[in-house]
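> Please read through the structure below; I'll follow up with questions.
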Amino acid sequence: MTKLQLTKPIVFIDVETTGLNKQRQDRIVDVCAIKIFPDGREEILNSLINPEMSIPMDSTQIHSIKDVDVIGKPTFGEFSKVFRDFIKDCDLGGFGMKFDLSILEQEFKRVGVNFSKEGRKIIDVQRIYHELEPRDLSAAHLRYCGKPLENAHKANSDVKATINVLESQLEKHNILPRDIKNLHEFCNPKDPSWIDDDGRFVWFEGKALINFGKHKGKTLEVVSKNDSSYLQWIISDDFSSKVKDISKDAINGKFPEPAPETIKP
């Protein structure tokens with residue numbers, strides 16, 4: 001790396017996990033860290049990690065790592081001190097660092113090893129990309145329709161442009177579904193652990209957990225017994241009807257029952 005001026009080493013990090021829901025206690029299954037020194041030297045630390053849990057099939061479809069691949073590999077607890085020492089006194093970089101750092105902080109805390117991003121400079125290439133590459137309708141119209149959008153921010157022009165952009169996207173990208181149902185799911189991906197569409201309640205080991213607020217990580221059953229006023233607050237506040245219905249049922253002793261595919265062995 002010759003374009004970036006360094007005064008101390010920077011470590012670029014990427015992790016692959018059992019899922020994307022930190023509150024579901026997802027674990028790291030693969031980690032790679034490349035350290036770049038001010039003089040241009042590089043060092044690499046890379047290992048598969050045994051997450052001590054089954055890797056969901058939907059995650060395997062993304063990163064291709066299966067349960068059999070991590071047999072005999074170090075757990076994060078066994079790997080943590082080596083990793084901590086590798087990034088000691090280094091700034092950090094990556095693509096989508098918010099998630100990577102959150103899952104790392106969770107993993108370090110779980111195994112009782114001190115780790116902090118405090119005092120480190122954090123470089124997020126994804127954030128740079130989003131800042132430098134326009135993400136508005138005018139940019140999409142120019143890219144997909146090949147000409148500037150006239151009268152932008154006029155409702156009539158914008159809605160017509162939106163339709164034209166979608167037509168062009170469907171023409172150029174074979175990966176896009178052609179039917180409304182599947183295109184809806186493409187536009188609104190839902191974590192399989194979510195009970196409601198907003199992920200306020202999630203499945204974990206066959207039980208409904210609260211996934212936000214002061215009771216995050218606690219089972220719905222426990223909260224209904226010990227702090228039903230919290231559920232009353234949900235019912236009276238600005239939450240979806242599904243979330244409110246789940247809360248009402250919980251107060252009355254009725255809890256969601258998971259579909260078989262949401263229960264991990």
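Identifiers in the structure tokens: chain A, B, ... in order shown; residue index from 1 per chain; ligand index from 1 in order shown.
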Determine, counting only C-alpha atoms, which protein, DNA and RNA residues have an atom within 9 Å of an atom of Phe79 in chain A; residues of the same chain fewer than 5 positions away are not included. Present the result as a VMD selection string.

chain A and resid 47 49 74 84

> Next, dump the selected residues to file, keeping only N, CA, C and O atoms, as a PDB file, in the first residue's frame.


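Dumped to selection06.pdb:
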```pdb
ATOM      1  N   SER A  47      -7.324 -17.894  10.128  1.00  0.00           N
ATOM      2  CA  SER A  47      -7.682 -19.196  10.682  1.00  0.00           C
ATOM      3  C   SER A  47      -9.178 -19.419  10.627  1.00  0.00           C
ATOM      4  O   SER A  47      -9.968 -18.484  10.813  1.00  0.00           O
ATOM      5  N   ILE A  49     -12.321 -20.948  12.596  1.00  0.00           N
ATOM      6  CA  ILE A  49     -12.599 -20.973  14.024  1.00  0.00           C
ATOM      7  C   ILE A  49     -13.753 -21.940  14.292  1.00  0.00           C
ATOM      8  O   ILE A  49     -14.772 -21.911  13.596  1.00  0.00           O
ATOM      9  N   PRO A  74      -9.189 -24.167  16.136  1.00  0.00           N
ATOM     10  CA  PRO A  74      -9.244 -23.536  17.456  1.00  0.00           C
ATOM     11  C   PRO A  74     -10.587 -22.844  17.698  1.00  0.00           C
ATOM     12  O   PRO A  74     -11.212 -22.330  16.765  1.00  0.00           O
ATOM     13  N   ARG A  84      -5.467 -10.958  19.612  1.00  0.00           N
ATOM     14  CA  ARG A  84      -5.325  -9.698  20.349  1.00  0.00           C
ATOM     15  C   ARG A  84      -3.904  -9.159  20.249  1.00  0.00           C
ATOM     16  O   ARG A  84      -3.688  -7.955  20.026  1.00  0.00           O
TER      17      ARG A  84
END
```

> Compare A:Leu183, A:Lys248, A:Ile123, A:Leu20 by their minimum atom-to-atom distance to Ser102 in chain A, counting only C-alpha atoms, and give me the closest one.

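The closest residue to Ser102 in chain A is A:Leu20.
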
> What's the 8 Å shell around range 127-137 of chain A, counting only C-alpha atoms, without same-chain residues fewer than 4 positions away, as JSON, numbers by chain?

{"A": [95, 96, 141, 158, 161, 162]}

> Going by DSSP on the backbone, which residues of range 77-160 of chain A come out as strand (DSSP E)? List them as a list in words.

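The strand (DSSP E) subset of range 77-160 of chain A is Asp91, Leu92, Gly93, Gly94, Ile122, Ile123 and Asp124 of chain A.
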
> Could you dump the residues just selected with N, CA, C and O atoms as a PDB file, in the first residue's frame?


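Final output, selection_13.pdb:
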```
ATOM      1  N   ASP A  91      -4.009   0.475  14.301  1.00  0.00           N
ATOM      2  CA  ASP A  91      -5.287   0.959  13.817  1.00  0.00           C
ATOM      3  C   ASP A  91      -5.965  -0.183  13.057  1.00  0.00           C
ATOM      4  O   ASP A  91      -5.328  -1.199  12.749  1.00  0.00           O
ATOM      5  N   LEU A  92      -7.256  -0.010  12.755  1.00  0.00           N
ATOM      6  CA  LEU A  92      -8.015  -1.101  12.149  1.00  0.00           C
ATOM      7  C   LEU A  92      -8.736  -0.637  10.889  1.00  0.00           C
ATOM      8  O   LEU A  92      -9.149   0.524  10.783  1.00  0.00           O
ATOM      9  N   GLY A  93      -8.893  -1.552   9.950  1.00  0.00           N
ATOM     10  CA  GLY A  93      -9.602  -1.249   8.715  1.00  0.00           C
ATOM     11  C   GLY A  93     -10.384  -2.459   8.237  1.00  0.00           C
ATOM     12  O   GLY A  93     -10.131  -3.591   8.659  1.00  0.00           O
ATOM     13  N   GLY A  94     -11.332  -2.207   7.341  1.00  0.00           N
ATOM     14  CA  GLY A  94     -12.125  -3.298   6.788  1.00  0.00           C
ATOM     15  C   GLY A  94     -13.261  -2.754   5.951  1.00  0.00           C
ATOM     16  O   GLY A  94     -13.344  -1.553   5.683  1.00  0.00           O
ATOM     17  N   ILE A 122     -10.181   3.962  12.918  1.00  0.00           N
ATOM     18  CA  ILE A 122     -10.951   2.938  12.210  1.00  0.00           C
ATOM     19  C   ILE A 122     -11.219   3.415  10.786  1.00  0.00           C
ATOM     20  O   ILE A 122     -11.815   4.471  10.573  1.00  0.00           O
ATOM     21  N   ILE A 123     -10.772   2.636   9.808  1.00  0.00           N
ATOM     22  CA  ILE A 123     -10.986   2.945   8.397  1.00  0.00           C
ATOM     23  C   ILE A 123     -11.987   1.953   7.830  1.00  0.00           C
ATOM     24  O   ILE A 123     -11.726   0.747   7.801  1.00  0.00           O
ATOM     25  N   ASP A 124     -13.152   2.464   7.387  1.00  0.00           N
ATOM     26  CA  ASP A 124     -14.194   1.608   6.824  1.00  0.00           C
ATOM     27  C   ASP A 124     -14.313   1.896   5.333  1.00  0.00           C
ATOM     28  O   ASP A 124     -14.842   2.934   4.927  1.00  0.00           O
TER      29      ASP A 124
END
```

> Quick one: everything within 8 Å of range 221-237 of chain A, counting only C-alpha atoms, minus sequence neighbours fewer than 3 positions away in the same chain. Send it as a count of residues only.

12

> Measuring atom to atom with only C-alpha atoms, identify which of A:Val29, A:Ile13, A:Ile36, A:Ile210 is nearest to His63 in chain A.

A:Val29

> Between A:Leu48, A:Ile87, A:Ala140, A:Ile34, which residue has the minimum interatomic distance to Val70 in chain A, considering only C-alpha atoms?

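Checking each of A:Leu48, A:Ile87, A:Ala140, A:Ile34 against Val70 in chain A, counting only C-alpha atoms, the winner is A:Leu48.
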
> Would you please extract all alpha helix (DSSP H) residues from range 6-215 of chain A, as assigned by DSSP on the backbone, and give them as JSON, numbers by chain?

{"A": [57, 58, 59, 60, 61, 62, 63, 76, 77, 78, 79, 80, 81, 82, 83, 84, 85, 86, 97, 98, 99, 100, 101, 102, 103, 104, 105, 106, 107, 108, 109, 110, 125, 126, 127, 128, 129, 130, 131, 132, 137, 138, 139, 140, 141, 142, 143, 144, 145, 155, 156, 157, 158, 159, 160, 161, 162, 163, 164, 165, 166, 167, 168, 169, 170, 171, 172, 180, 181, 182, 183, 184, 185, 186, 187]}

> Find the spatial neighbours of Asn164 in chain A, counting only C-alpha atoms, within a cut-off of 12 Å - ignore same-chain residues fewer than 5 positions away - and output them as a CSV table (one decimal) with C-alpha atoms, in the first residue's frame.


```csv
chain,number,residue,atom,x,y,z
A,137,LEU,CA,-32.4,8.2,-7.9
A,138,SER,CA,-30.5,10.6,-10.2
A,140,ALA,CA,-29.4,5.2,-10.5
A,141,HIS,CA,-31.1,6.8,-13.6
A,142,LEU,CA,-27.8,7.8,-15.1
A,143,ARG,CA,-26.3,4.4,-14.5
A,144,TYR,CA,-29.2,2.2,-15.7
A,145,CYS,CA,-30.9,4.4,-18.2
A,146,GLY,CA,-27.8,6.1,-19.6
A,147,LYS,CA,-29.0,9.7,-19.3
A,149,LEU,CA,-32.7,12.6,-14.8
A,157,SER,CA,-40.5,12.7,-12.9
A,158,ASP,CA,-39.2,10.7,-10.0
A,159,VAL,CA,-41.9,8.0,-10.1
A,169,GLN,CA,-32.3,-3.4,-13.6
A,170,LEU,CA,-34.5,-6.4,-14.5
A,171,GLU,CA,-33.1,-6.3,-18.0
```

> Considering only C-alpha atoms, can you say which of A:Ser59, A:Ser168, A:Asn174, A:Gln25 comes closest to Arg110 in chain A?

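When distances to Arg110 in chain A are compared using only C-alpha atoms, the smallest one comes from A:Gln25.
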
> Suppose you want the space between CA of Ile103 in chain A and CA of Cys90 in chain A; what is it in Å?

18.4 Å
